[in-house]
file upload_4.json (JSON, C-alpha atoms)
[["chain", "number", "residue", "atom", "x", "y", "z"],
["P", 24, "MET", "CA", -75.00, 33.03, -24.45],
["P", 25, "SER", "CA", -73.92, 36.61, -25.18],
["P", 26, "SER", "CA", -71.57, 37.61, -27.96],
["P", 27, "GLY", "CA", -69.76, 40.91, -28.43],
["P", 28, "HIS", "CA", -68.44, 42.72, -31.49],
["P", 29, "ASP", "CA", -64.91, 41.80, -30.43],
["P", 30, "GLY", "CA", -65.51, 38.08, -30.78],
["P", 31, "ARG", "CA", -66.07, 37.43, -27.08],
["P", 32, "VAL", "CA", -68.68, 34.70, -26.73],
["P", 33, "ILE", "CA", -69.72, 34.61, -23.08],
["P", 34, "GLU", "CA", -71.63, 31.63, -21.70],
["P", 35, "THR", "CA", -74.39, 33.09, -19.54],
["P", 36, "ASP", "CA", -77.15, 31.33, -17.59],
["P", 37, "ASP", "CA", -80.89, 31.50, -18.41],
["P", 38, "GLU", "CA", -81.12, 34.94, -16.77],
["P", 39, "GLY", "CA", -78.22, 36.29, -18.83],
["P", 40, "LEU", "CA", -75.80, 36.28, -15.87],
["P", 41, "ILE", "CA", -72.31, 34.82, -15.50],
["P", 42, "ARG", "CA", -69.91, 34.29, -12.60],
["P", 43, "LEU", "CA", -67.56, 37.25, -12.43],
["P", 44, "GLN", "CA", -64.29, 35.30, -12.45],
["P", 45, "LYS", "CA", -65.50, 33.34, -15.48],
["P", 46, "LEU", "CA", -66.35, 36.56, -17.35],
["P", 47, "LEU", "CA", -62.93, 38.02, -16.54],
["P", 48, "ALA", "CA", -61.18, 34.87, -17.75],
["P", 49, "GLN", "CA", -63.26, 34.62, -20.95],
["P", 50, "SER", "CA", -62.49, 38.30, -21.66],
["P", 51, "GLY", "CA", -58.77, 37.53, -21.57],
["P", 52, "VAL", "CA", -57.95, 39.34, -18.32],
["P", 53, "ALA", "CA", -56.04, 36.32, -16.97],
["P", 54, "SER", "CA", -56.52, 32.63, -16.19],
["P", 55, "ARG", "CA", -59.57, 31.69, -14.10],
["P", 56, "ARG", "CA", -57.36, 31.00, -11.06],
["P", 57, "LYS", "CA", -55.56, 34.34, -11.44],
["P", 58, "CYS", "CA", -58.91, 36.16, -11.83],
["P", 59, "GLU", "CA", -60.06, 34.63, -8.54],
["P", 60, "GLU", "CA", -56.85, 35.88, -6.92],
["P", 61, "LEU", "CA", -57.51, 39.38, -8.31],
["P", 62, "MET", "CA", -61.01, 39.32, -6.81],
["P", 63, "LEU", "CA", -59.72, 38.16, -3.43],
["P", 64, "ALA", "CA", -57.07, 40.89, -3.56],
["P", 65, "GLY", "CA", -59.86, 43.48, -3.78],
["P", 66, "VAL", "CA", -58.90, 44.97, -7.15],
["P", 67, "VAL", "CA", -62.08, 43.99, -9.01],
["P", 68, "VAL", "CA", -64.83, 46.62, -8.84],
["P", 69, "VAL", "CA", -68.36, 46.18, -10.24],
["P", 70, "ASP", "CA", -70.68, 49.19, -10.49],
["P", 71, "GLY", "CA", -68.50, 51.09, -8.03],
["P", 72, "GLU", "CA", -68.26, 48.35, -5.39],
["P", 73, "VAL", "CA", -65.33, 46.03, -4.65],
["P", 74, "VAL", "CA", -66.37, 42.41, -5.22],
["P", 75, "THR", "CA", -64.39, 39.75, -3.38],
["P", 76, "ARG", "CA", -67.01, 36.99, -3.12],
["P", 77, "LEU", "CA", -66.18, 34.25, -5.63],
["P", 78, "GLY", "CA", -69.21, 33.09, -7.56],
["P", 79, "THR", "CA", -70.79, 36.56, -7.66],
["P", 80, "LYS", "CA", -72.86, 36.78, -10.84],
["P", 81, "VAL", "CA", -73.05, 39.82, -13.10],
["P", 82, "ASP", "CA", -74.80, 40.85, -16.31],
["P", 83, "PRO", "CA", -71.96, 41.14, -18.88],
["P", 84, "ARG", "CA", -74.02, 43.55, -21.01],
["P", 85, "THR", "CA", -74.59, 46.22, -18.36],
["P", 86, "ALA", "CA", -72.07, 45.81, -15.50],
["P", 87, "VAL", "CA", -69.38, 48.50, -15.23],
["P", 88, "ILE", "CA", -66.34, 46.39, -14.34],
["P", 89, "ARG", "CA", -62.84, 47.57, -13.46],
["P", 90, "VAL", "CA", -59.79, 45.43, -12.80],
["P", 91, "ASP", "CA", -57.03, 47.34, -11.03],
["P", 92, "GLY", "CA", -58.67, 50.55, -12.21],
["P", 93, "LYS", "CA", -58.87, 49.51, -15.88],
["P", 94, "ARG", "CA", -62.33, 49.42, -17.42],
["P", 95, "LEU", "CA", -63.51, 46.17, -19.01],
["P", 96, "PRO", "CA", -66.02, 47.07, -21.75],
["P", 97, "PRO", "CA", -69.41, 45.37, -21.60],
["P", 98, "ILE", "CA", -70.47, 42.64, -24.00],
["P", 99, "SER", "CA", -72.18, 44.58, -26.77],
["P", 100, "ALA", "CA", -73.40, 44.15, -30.32],
["P", 101, "HIS", "CA", -71.98, 47.60, -31.09],
["P", 102, "VAL", "CA", -68.83, 47.91, -33.19],
["P", 103, "TYR", "CA", -66.01, 50.37, -32.50],
["P", 104, "LEU", "CA", -63.55, 50.79, -35.36],
["P", 105, "ALA", "CA", -60.35, 52.68, -36.15],
["P", 106, "LEU", "CA", -59.90, 53.79, -39.77],
["P", 107, "ASN", "CA", -56.85, 55.26, -41.49],
["P", 108, "LYS", "CA", -58.58, 57.87, -43.66],
["P", 109, "PRO", "CA", -56.75, 58.68, -46.90],
["P", 110, "ARG", "CA", -56.29, 62.27, -48.04],
["P", 111, "GLY", "CA", -59.06, 63.44, -50.37],
["P", 112, "VAL", "CA", -61.79, 61.43, -48.60],
["P", 113, "VAL", "CA", -64.60, 63.52, -47.13],
["P", 114, "SER", "CA", -65.37, 62.86, -43.41],
["P", 115, "THR", "CA", -69.05, 62.14, -44.02],
["P", 116, "MET", "CA", -71.03, 59.01, -44.87],
["P", 117, "SER", "CA", -72.51, 60.61, -48.03],
["P", 118, "ASP", "CA", -71.67, 63.58, -50.24],
["P", 119, "PRO", "CA", -74.07, 65.42, -52.56],
["P", 120, "GLU", "CA", -71.12, 66.42, -54.76],
["P", 121, "GLY", "CA", -70.22, 62.79, -55.35],
["P", 122, "ARG", "CA", -66.80, 62.96, -53.71],
["P", 123, "ARG", "CA", -65.27, 59.86, -52.09],
["P", 124, "THR", "CA", -66.56, 59.45, -48.51],
["P", 125, "LEU", "CA", -65.95, 57.29, -45.45],
["P", 126, "GLN", "CA", -68.90, 55.15, -46.57],
["P", 127, "ASP", "CA", -66.94, 54.12, -49.67],
["P", 128, "LEU", "CA", -64.26, 52.65, -47.39],
["P", 129, "VAL", "CA", -66.72, 50.63, -45.26],
["P", 130, "ASP", "CA", -69.26, 49.60, -47.89],
["P", 131, "ASP", "CA", -68.80, 45.94, -47.06],
["P", 132, "ARG", "CA", -69.83, 46.46, -43.39],
["P", 133, "PRO", "CA", -73.41, 45.47, -42.52],
["P", 134, "GLU", "CA", -73.77, 48.10, -39.77],
["P", 135, "ARG", "CA", -74.99, 51.68, -40.14],
["P", 136, "LEU", "CA", -71.87, 53.49, -39.00],
["P", 137, "PHE", "CA", -71.36, 56.99, -37.59],
["P", 138, "HIS", "CA", -68.05, 58.86, -37.64],
["P", 139, "VAL", "CA", -66.76, 60.24, -34.34],
["P", 140, "GLY", "CA", -65.84, 63.85, -35.12],
["P", 141, "ARG", "CA", -64.24, 64.77, -38.44],
["P", 142, "LEU", "CA", -60.96, 65.11, -40.26],
["P", 143, "ASP", "CA", -60.36, 67.73, -42.95],
["P", 144, "THR", "CA", -60.65, 66.30, -46.46],
["P", 145, "ASP", "CA", -56.97, 67.10, -47.10],
["P", 146, "THR", "CA", -55.85, 65.56, -43.78],
["P", 147, "ASP", "CA", -55.19, 61.83, -43.51],
["P", 148, "GLY", "CA", -55.00, 59.55, -40.51],
["P", 149, "LEU", "CA", -57.06, 58.21, -37.66],
["P", 150, "ILE", "CA", -60.83, 58.53, -37.42],
["P", 151, "LEU", "CA", -63.17, 56.40, -35.30],
["P", 152, "LEU", "CA", -66.36, 54.79, -36.61],
["P", 153, "THR", "CA", -69.14, 53.11, -34.63],
["P", 154, "ASN", "CA", -72.80, 52.11, -34.76],
["P", 155, "ASP", "CA", -73.17, 53.30, -31.13],
["P", 156, "GLY", "CA", -74.80, 56.72, -31.59],
["P", 157, "ASP", "CA", -74.45, 57.75, -27.92],
["P", 158, "PHE", "CA", -70.72, 56.96, -27.97],
["P", 159, "ALA", "CA", -70.19, 58.91, -31.21],
["P", 160, "GLN", "CA", -72.07, 61.95, -29.92],
["P", 161, "ARG", "CA", -70.45, 61.95, -26.49],
["P", 162, "LEU", "CA", -66.89, 61.52, -27.69],
["P", 163, "ALA", "CA", -67.23, 64.31, -30.26],
["P", 164, "HIS", "CA", -68.72, 66.74, -27.72],
["P", 165, "PRO", "CA", -66.26, 69.45, -26.55],
["P", 166, "SER", "CA", -66.72, 68.60, -22.85],
["P", 167, "TYR", "CA", -65.71, 64.95, -23.41],
["P", 168, "GLU", "CA", -63.08, 65.35, -26.13],
["P", 169, "VAL", "CA", -59.92, 63.34, -25.72],
["P", 170, "ASP", "CA", -56.37, 64.35, -26.68],
["P", 171, "LYS", "CA", -55.63, 64.00, -30.37],
["P", 172, "THR", "CA", -52.10, 63.73, -31.75],
["P", 173, "TYR", "CA", -51.14, 65.18, -35.13],
["P", 174, "VAL", "CA", -47.94, 65.10, -37.15],
["P", 175, "ALA", "CA", -47.54, 68.08, -39.48],
["P", 176, "GLU", "CA", -45.01, 68.80, -42.21],
["P", 177, "VAL", "CA", -44.68, 72.60, -42.32],
["P", 178, "ASP", "CA", -42.86, 75.30, -44.24],
["P", 179, "GLY", "CA", -39.82, 76.86, -42.60],
["P", 180, "ARG", "CA", -37.36, 75.91, -39.87],
["P", 181, "LEU", "CA", -39.42, 75.51, -36.72],
["P", 182, "THR", "CA", -37.61, 76.57, -33.53],
["P", 183, "LYS", "CA", -37.95, 75.71, -29.85],
["P", 184, "ALA", "CA", -39.16, 79.28, -29.27],
["P", 185, "VAL", "CA", -42.13, 78.62, -31.60],
["P", 186, "LEU", "CA", -42.88, 75.34, -29.79],
["P", 187, "ARG", "CA", -42.86, 77.22, -26.48],
["P", 188, "ARG", "CA", -45.20, 79.82, -27.95],
["P", 189, "LEU", "CA", -47.59, 77.04, -28.96],
["P", 190, "THR", "CA", -47.60, 75.38, -25.52],
["P", 191, "ASP", "CA", -47.92, 78.75, -23.77],
["P", 192, "GLY", "CA", -51.22, 79.18, -25.61],
["P", 193, "VAL", "CA", -52.20, 80.93, -28.83],
["P", 194, "THR", "CA", -55.35, 82.97, -29.37],
["P", 195, "LEU", "CA", -56.97, 82.70, -32.79],
["P", 196, "ASP", "CA", -59.89, 84.77, -34.08],
["P", 197, "ASP", "CA", -62.37, 82.31, -32.56],
["P", 198, "GLY", "CA", -60.67, 82.11, -29.16],
["P", 199, "PRO", "CA", -57.67, 80.63, -27.35],
["P", 200, "VAL", "CA", -56.21, 77.22, -28.21],
["P", 201, "THR", "CA", -54.51, 74.95, -25.71],
["P", 202, "VAL", "CA", -51.74, 72.70, -27.01],
["P", 203, "SER", "CA", -51.01, 69.92, -24.49],
["P", 204, "ALA", "CA", -47.61, 68.90, -25.90],
["P", 205, "THR", "CA", -45.27, 69.55, -28.82],
["P", 206, "ARG", "CA", -42.28, 67.67, -30.23],
["P", 207, "LEU", "CA", -40.00, 68.71, -33.05],
["P", 208, "VAL", "CA", -39.52, 65.53, -35.08],
["P", 209, "SER", "CA", -37.07, 66.87, -37.69],
["P", 210, "VAL", "CA", -35.84, 69.93, -39.59],
["P", 211, "GLN", "CA", -34.55, 69.47, -43.14],
["P", 212, "GLY", "CA", -33.75, 72.50, -45.25],
["P", 213, "GLU", "CA", -36.76, 74.81, -45.19],
["P", 214, "ARG", "CA", -39.16, 72.13, -43.98],
["P", 215, "SER", "CA", -39.94, 70.92, -40.45],
["P", 216, "ILE", "CA", -41.96, 68.05, -39.05],
["P", 217, "VAL", "CA", -43.70, 68.66, -35.74],
["P", 218, "GLU", "CA", -45.98, 66.60, -33.50],
["P", 219, "LEU", "CA", -48.79, 68.35, -31.62],
["P", 220, "VAL", "CA", -51.20, 67.03, -28.99],
["P", 221, "ILE", "CA", -54.39, 69.04, -28.89],
["P", 222, "HIS", "CA", -57.62, 68.56, -26.99],
["P", 223, "GLU", "CA", -60.24, 70.15, -29.16],
["P", 224, "GLY", "CA", -61.71, 69.72, -32.61],
["P", 225, "ARG", "CA", -62.49, 73.18, -33.94],
["P", 226, "ASN", "CA", -62.55, 73.43, -37.73],
["P", 227, "ARG", "CA", -59.04, 73.17, -39.28],
["P", 228, "ILE", "CA", -57.61, 74.03, -35.86],
["P", 229, "VAL", "CA", -54.10, 72.57, -36.37],
["P", 230, "ARG", "CA", -53.65, 74.19, -39.76],
["P", 231, "ARG", "CA", -54.84, 77.57, -38.49],
["P", 232, "LEU", "CA", -52.64, 77.29, -35.40],
["P", 233, "LEU", "CA", -49.44, 76.58, -37.34],
["P", 234, "ASP", "CA", -50.31, 79.20, -39.95],
["P", 235, "HIS", "CA", -50.71, 81.70, -37.09],
["P", 236, "VAL", "CA", -47.13, 81.10, -35.90],
["P", 237, "GLY", "CA", -45.73, 81.44, -39.43],
["P", 238, "HIS", "CA", -45.39, 77.79, -40.47],
["P", 239, "PRO", "CA", -48.09, 76.85, -43.02],
["P", 240, "VAL", "CA", -48.94, 73.14, -43.13],
["P", 241, "ARG", "CA", -48.00, 71.17, -46.24],
["P", 242, "ARG", "CA", -49.21, 67.81, -44.99],
["P", 243, "LEU", "CA", -51.13, 66.76, -41.87],
["P", 244, "THR", "CA", -51.81, 63.34, -40.34],
["P", 245, "ARG", "CA", -53.74, 62.48, -37.19],
["P", 246, "THR", "CA", -51.76, 59.70, -35.52],
["P", 247, "ALA", "CA", -53.70, 59.11, -32.28],
["P", 248, "ILE", "CA", -57.03, 59.71, -30.54],
["P", 249, "GLY", "CA", -56.57, 59.16, -26.81],
["P", 250, "PRO", "CA", -55.28, 55.59, -26.39],
["P", 251, "VAL", "CA", -55.92, 54.62, -30.04],
["P", 252, "HIS", "CA", -52.88, 54.81, -32.34],
["P", 253, "LEU", "CA", -52.62, 54.76, -36.13],
["P", 254, "GLN", "CA", -49.48, 52.61, -36.11],
["P", 255, "GLY", "CA", -49.86, 49.42, -38.14],
["P", 256, "LEU", "CA", -52.95, 50.57, -40.08],
["P", 257, "GLY", "CA", -52.40, 50.97, -43.81],
["P", 258, "THR", "CA", -54.12, 53.75, -45.78],
["P", 259, "GLY", "CA", -57.83, 52.97, -46.01],
["P", 260, "GLU", "CA", -57.52, 50.06, -43.56],
["P", 261, "LEU", "CA", -59.90, 49.38, -40.69],
["P", 262, "ARG", "CA", -59.58, 47.50, -37.39],
["P", 263, "ASP", "CA", -61.61, 46.87, -34.25],
["P", 264, "LEU", "CA", -60.59, 48.81, -31.16],
["P", 265, "THR", "CA", -58.97, 46.64, -28.49],
["P", 266, "LEU", "CA", -60.76, 46.12, -25.18],
["P", 267, "ASP", "CA", -58.16, 48.33, -23.46],
["P", 268, "GLU", "CA", -58.65, 51.16, -25.97],
["P", 269, "LEU", "CA", -62.42, 50.94, -25.78],
["P", 270, "GLY", "CA", -62.38, 50.83, -21.98],
["P", 271, "VAL", "CA", -60.46, 54.12, -21.82],
["P", 272, "LEU", "CA", -62.74, 55.81, -24.39],
["P", 273, "LEU", "CA", -65.92, 54.67, -22.62],
["P", 274, "ASP", "CA", -64.55, 56.27, -19.46],
["P", 275, "ASN", "CA", -63.68, 59.44, -21.40],
["P", 276, "ALA", "CA", -67.24, 59.57, -22.70],
["P", 277, "ALA", "CA", -68.62, 58.85, -19.20],
["P", 278, "LEU", "CA", -70.58, 55.87, -20.54]]
call {"tool": "encode", "arguments": {"input": "upload_4.json", "output": "structure tokens"}}
result
Amino acid sequence: MSSGHDGRVIETDDEGLIRLQKLLAQSGVASRRKCEELMLAGVVVVDGEVVTRLGTKVDPRTAVIRVDGKRLPPISAHVYLALNKPRGVVSTMSDPEGRRTLQDLVDDRPERLFHVGRLDTDTDGLILLTNDGDFAQRLAHPSYEVDKTYVAEVDGRLTKAVLRRLTDGVTLDDGPVTVSATRLVSVQGERSIVELVIHEGRNRIVRRLLDHVGHPVRRLTRTAIGPVHLQGLGTGELRDLTLDELGVLLDNAAL
């Protein structure tokens, strides 16, 4: 018997193995019959090899399984959490100055959690937490970083020309910044709301970027990290990542 953080309880044999179609079904991919059809159709890949033989056994803790290209995370005791960080909370697990930290929001959790990257103290929104140190380190490393989406309320009437300037690339004092996508959400009076998708995590990068183009940030929220979205999470609330979200992030982190 193996159990994962996501509530999956997988019935394994004495050697810790399970028939592949049974694992797929118990992980919610589809019914057992449908999972067998997927295997026979050649869309189930284990450790890089297509598996079509029904009854093939795998180790649910270590096998790298894909169904139609989508990664199915392994059964693991690790937890992977999305948190909606409030403004004013420091992105650390402890603070010598006694300010409110991420730890204060997860004090009831039994695990020793790490934060994946950081958010400025005055920025709210999505941050990931985990007790999987390799995952946290990998995902925060510049070579593995995923796209992050921010919504900023800024001073001034932002124009399409400024958006083009951002996507064309801006060079700050510590080097060029690539903005993957921009969207003007609204303009009201002398305030604008803009959405930016950015790949990297340099210190206060979004604030510095918008300041550079003449639109200082009044309020900033991170709304997505790769496939993980803030939607539905109240301020200070926490949830487990879904299997789909985790599968994409494990691929991003090459784990």
call {"tool": "closest_residue", "arguments": {"input": "upload_4.json", "among": "P:Thr258, P:Asn226, P:Asn275, P:Thr79", "to": "Asn107 (chain P)", "atoms": "all atoms listed in the file"}}
result
P:Thr258
call {"tool": "closest_residue", "arguments": {"input": "upload_4.json", "among": "P:Arg141, P:Lys93, P:Lys57, P:Arg123", "to": "Leu269 (chain P)", "atoms": "only C-alpha atoms"}}
result
P:Lys93
call {"tool": "residues_around", "arguments": {"input": "upload_4.json", "residues": "His252 (chain P)", "least_positions_apart": "5", "cutoff": "9 Å", "atoms": "all atoms listed in the file", "output": "number ranges by chain"}}
result
P: 105, 149, 172, 246-247
call {"tool": "residues_near_point", "arguments": {"input": "upload_4.json", "point": "(-62.3, 37.5, -0.4)", "cutoff": "9 Å", "atoms": "all atoms listed in the file", "output": "PyMOL selection string"}}
result
chain P and resi 59-60+62-65+74-77
call {"tool": "residues_around", "arguments": {"input": "upload_4.json", "residues": "Glu223 (chain P)", "least_positions_apart": "2", "cutoff": "12 Å", "atoms": "all atoms listed in the file", "output": "MDAnalysis selection string"}}
result
chainID P and resid 140:141 162:173 198:203 219:221 225:229 248:249
call {"tool": "atom_distance", "arguments": {"input": "upload_4.json", "atom1": "CA of Arg245 (chain P)", "atom2": "CA of Ile98 (chain P)"}}
result
29.1 Å
call {"tool": "atom_distance", "arguments": {"input": "upload_4.json", "atom1": "CA of Gly192 (chain P)", "atom2": "CA of Thr244 (chain P)"}}
result
21.6 Å
call {"tool": "atom_distance", "arguments": {"input": "upload_4.json", "atom1": "CA of Leu273 (chain P)", "atom2": "CA of Phe158 (chain P)"}}
result
7.5 Å
call {"tool": "closest_residue", "arguments": {"input": "upload_4.json", "among": "P:Ser215, P:Gln44, P:Thr182, P:Ser99", "to": "Thr153 (chain P)", "atoms": "all atoms listed in the file"}}
result
P:Ser99
call {"tool": "closest_residue", "arguments": {"input": "upload_4.json", "among": "P:Leu243, P:Leu207, P:Leu43, P:Leu125", "to": "Ala175 (chain P)", "atoms": "all atoms listed in the file"}}
result
P:Leu243
call {"tool": "residues_around", "arguments": {"input": "upload_4.json", "residues": "Thr35 (chain P)", "least_positions_apart": "2", "cutoff": "9 Å", "atoms": "all atoms listed in the file", "output": "PyMOL selection string"}}
result
chain P and resi 24-25+33+37-42+82-83
call {"tool": "closest_residue", "arguments": {"input": "upload_4.json", "among": "P:Gly257, P:Gly179, P:Pro109, P:Gly156", "to": "Leu142 (chain P)", "atoms": "all atoms listed in the file"}}
result
P:Pro109
call {"tool": "closest_residue", "arguments": {"input": "upload_4.json", "among": "P:Glu213, P:Asp91, P:Asp145, P:Asp127", "to": "Arg180 (chain P)", "atoms": "all atoms listed in the file"}}
result
P:Glu213
call {"tool": "residues_around", "arguments": {"input": "upload_4.json", "residues": "Lys45 (chain P)", "least_positions_apart": "5", "cutoff": "9 Å", "atoms": "all atoms listed in the file", "output": "short mmCIF file (atom, residue, chain, number, x, y, z; two decimals) with C-alpha atoms, in the frame of the given file"}}
result
data_model
loop_
_atom_site.label_atom_id
_atom_site.label_comp_id
_atom_site.auth_asym_id
_atom_site.auth_seq_id
_atom_site.Cartn_x
_atom_site.Cartn_y
_atom_site.Cartn_z
CA ILE P 33 -69.72 34.61 -23.08
CA GLU P 34 -71.63 31.63 -21.70
CA SER P 50 -62.49 38.30 -21.66
CA ARG P 55 -59.57 31.69 -14.10
CA CYS P 58 -58.91 36.16 -11.83
CA GLU P 59 -60.06 34.63 -8.54
CA GLY P 78 -69.21 33.09 -7.56
#
call {"tool": "residues_around", "arguments": {"input": "upload_4.json", "residues": "Val102 (chain P)", "least_positions_apart": "5", "cutoff": "12 Å", "atoms": "all atoms listed in the file", "output": "PDB file with C-alpha atoms, in the coordinates of the input"}}
result
ATOM      1  CA  SER P  26     -71.570  37.610 -27.960  1.00  0.00           C
ATOM      2  CA  GLY P  27     -69.760  40.910 -28.430  1.00  0.00           C
ATOM      3  CA  HIS P  28     -68.440  42.720 -31.490  1.00  0.00           C
ATOM      4  CA  ASP P  29     -64.910  41.800 -30.430  1.00  0.00           C
ATOM      5  CA  GLY P  30     -65.510  38.080 -30.780  1.00  0.00           C
ATOM      6  CA  PRO P  96     -66.020  47.070 -21.750  1.00  0.00           C
ATOM      7  CA  PRO P  97     -69.410  45.370 -21.600  1.00  0.00           C
ATOM      8  CA  ARG P 132     -69.830  46.460 -43.390  1.00  0.00           C
ATOM      9  CA  PRO P 133     -73.410  45.470 -42.520  1.00  0.00           C
ATOM     10  CA  GLU P 134     -73.770  48.100 -39.770  1.00  0.00           C
ATOM     11  CA  ARG P 135     -74.990  51.680 -40.140  1.00  0.00           C
ATOM     12  CA  LEU P 136     -71.870  53.490 -39.000  1.00  0.00           C
ATOM     13  CA  PHE P 137     -71.360  56.990 -37.590  1.00  0.00           C
ATOM     14  CA  HIS P 138     -68.050  58.860 -37.640  1.00  0.00           C
ATOM     15  CA  LEU P 151     -63.170  56.400 -35.300  1.00  0.00           C
ATOM     16  CA  LEU P 152     -66.360  54.790 -36.610  1.00  0.00           C
ATOM     17  CA  THR P 153     -69.140  53.110 -34.630  1.00  0.00           C
ATOM     18  CA  ASN P 154     -72.800  52.110 -34.760  1.00  0.00           C
ATOM     19  CA  ASP P 155     -73.170  53.300 -31.130  1.00  0.00           C
ATOM     20  CA  GLY P 156     -74.800  56.720 -31.590  1.00  0.00           C
ATOM     21  CA  PHE P 158     -70.720  56.960 -27.970  1.00  0.00           C
ATOM     22  CA  ALA P 159     -70.190  58.910 -31.210  1.00  0.00           C
ATOM     23  CA  LEU P 261     -59.900  49.380 -40.690  1.00  0.00           C
ATOM     24  CA  ARG P 262     -59.580  47.500 -37.390  1.00  0.00           C
ATOM     25  CA  ASP P 263     -61.610  46.870 -34.250  1.00  0.00           C
ATOM     26  CA  LEU P 264     -60.590  48.810 -31.160  1.00  0.00           C
ATOM     27  CA  THR P 265     -58.970  46.640 -28.490  1.00  0.00           C
ATOM     28  CA  LEU P 266     -60.760  46.120 -25.180  1.00  0.00           C
ATOM     29  CA  LEU P 269     -62.420  50.940 -25.780  1.00  0.00           C
TER      30      LEU P 269
END
call {"tool": "decode", "arguments": {"input": "upload_4.json", "residues": "region 224-239 of chain P", "atoms": "N, CA and C atoms", "output": "short mmCIF file (atom, residue, chain, number, x, y, z; two decimals), in the first residue's frame"}}
result
data_model
loop_
_atom_site.label_atom_id
_atom_site.label_comp_id
_atom_site.auth_asym_id
_atom_site.auth_seq_id
_atom_site.Cartn_x
_atom_site.Cartn_y
_atom_site.Cartn_z
N GLY P 224 12.89 35.89 -12.10
CA GLY P 224 12.52 36.30 -10.75
C GLY P 224 13.50 37.25 -10.10
N ARG P 225 14.13 38.10 -10.91
CA ARG P 225 15.06 39.06 -10.30
C ARG P 225 14.32 39.95 -9.30
N ASN P 226 15.06 40.48 -8.34
CA ASN P 226 14.47 41.25 -7.24
C ASN P 226 13.63 42.43 -7.75
N ARG P 227 12.38 42.46 -7.32
CA ARG P 227 11.43 43.55 -7.65
C ARG P 227 11.37 43.85 -9.14
N ILE P 228 11.50 42.81 -9.95
CA ILE P 228 11.65 42.99 -11.40
C ILE P 228 10.46 43.69 -12.05
N VAL P 229 9.23 43.32 -11.67
CA VAL P 229 8.04 43.89 -12.30
C VAL P 229 7.90 45.37 -11.92
N ARG P 230 8.14 45.66 -10.67
CA ARG P 230 8.06 47.06 -10.22
C ARG P 230 9.10 47.92 -10.94
N ARG P 231 10.33 47.41 -11.03
CA ARG P 231 11.39 48.18 -11.68
C ARG P 231 11.12 48.37 -13.17
N LEU P 232 10.56 47.33 -13.77
CA LEU P 232 10.25 47.36 -15.20
C LEU P 232 9.21 48.44 -15.51
N LEU P 233 8.13 48.45 -14.74
CA LEU P 233 7.05 49.42 -15.00
C LEU P 233 7.47 50.83 -14.61
N ASP P 234 8.29 50.95 -13.59
CA ASP P 234 8.85 52.24 -13.21
C ASP P 234 9.69 52.79 -14.36
N HIS P 235 10.46 51.90 -14.99
CA HIS P 235 11.37 52.26 -16.08
C HIS P 235 10.61 52.86 -17.27
N VAL P 236 9.38 52.36 -17.51
CA VAL P 236 8.61 52.88 -18.65
C VAL P 236 7.63 53.97 -18.22
N GLY P 237 7.83 54.51 -16.99
CA GLY P 237 7.07 55.68 -16.57
C GLY P 237 5.73 55.42 -15.92
N HIS P 238 5.52 54.18 -15.44
CA HIS P 238 4.24 53.85 -14.81
C HIS P 238 4.47 53.14 -13.47
N PRO P 239 4.79 53.91 -12.42
CA PRO P 239 5.06 53.29 -11.12
C PRO P 239 3.89 52.43 -10.63
#
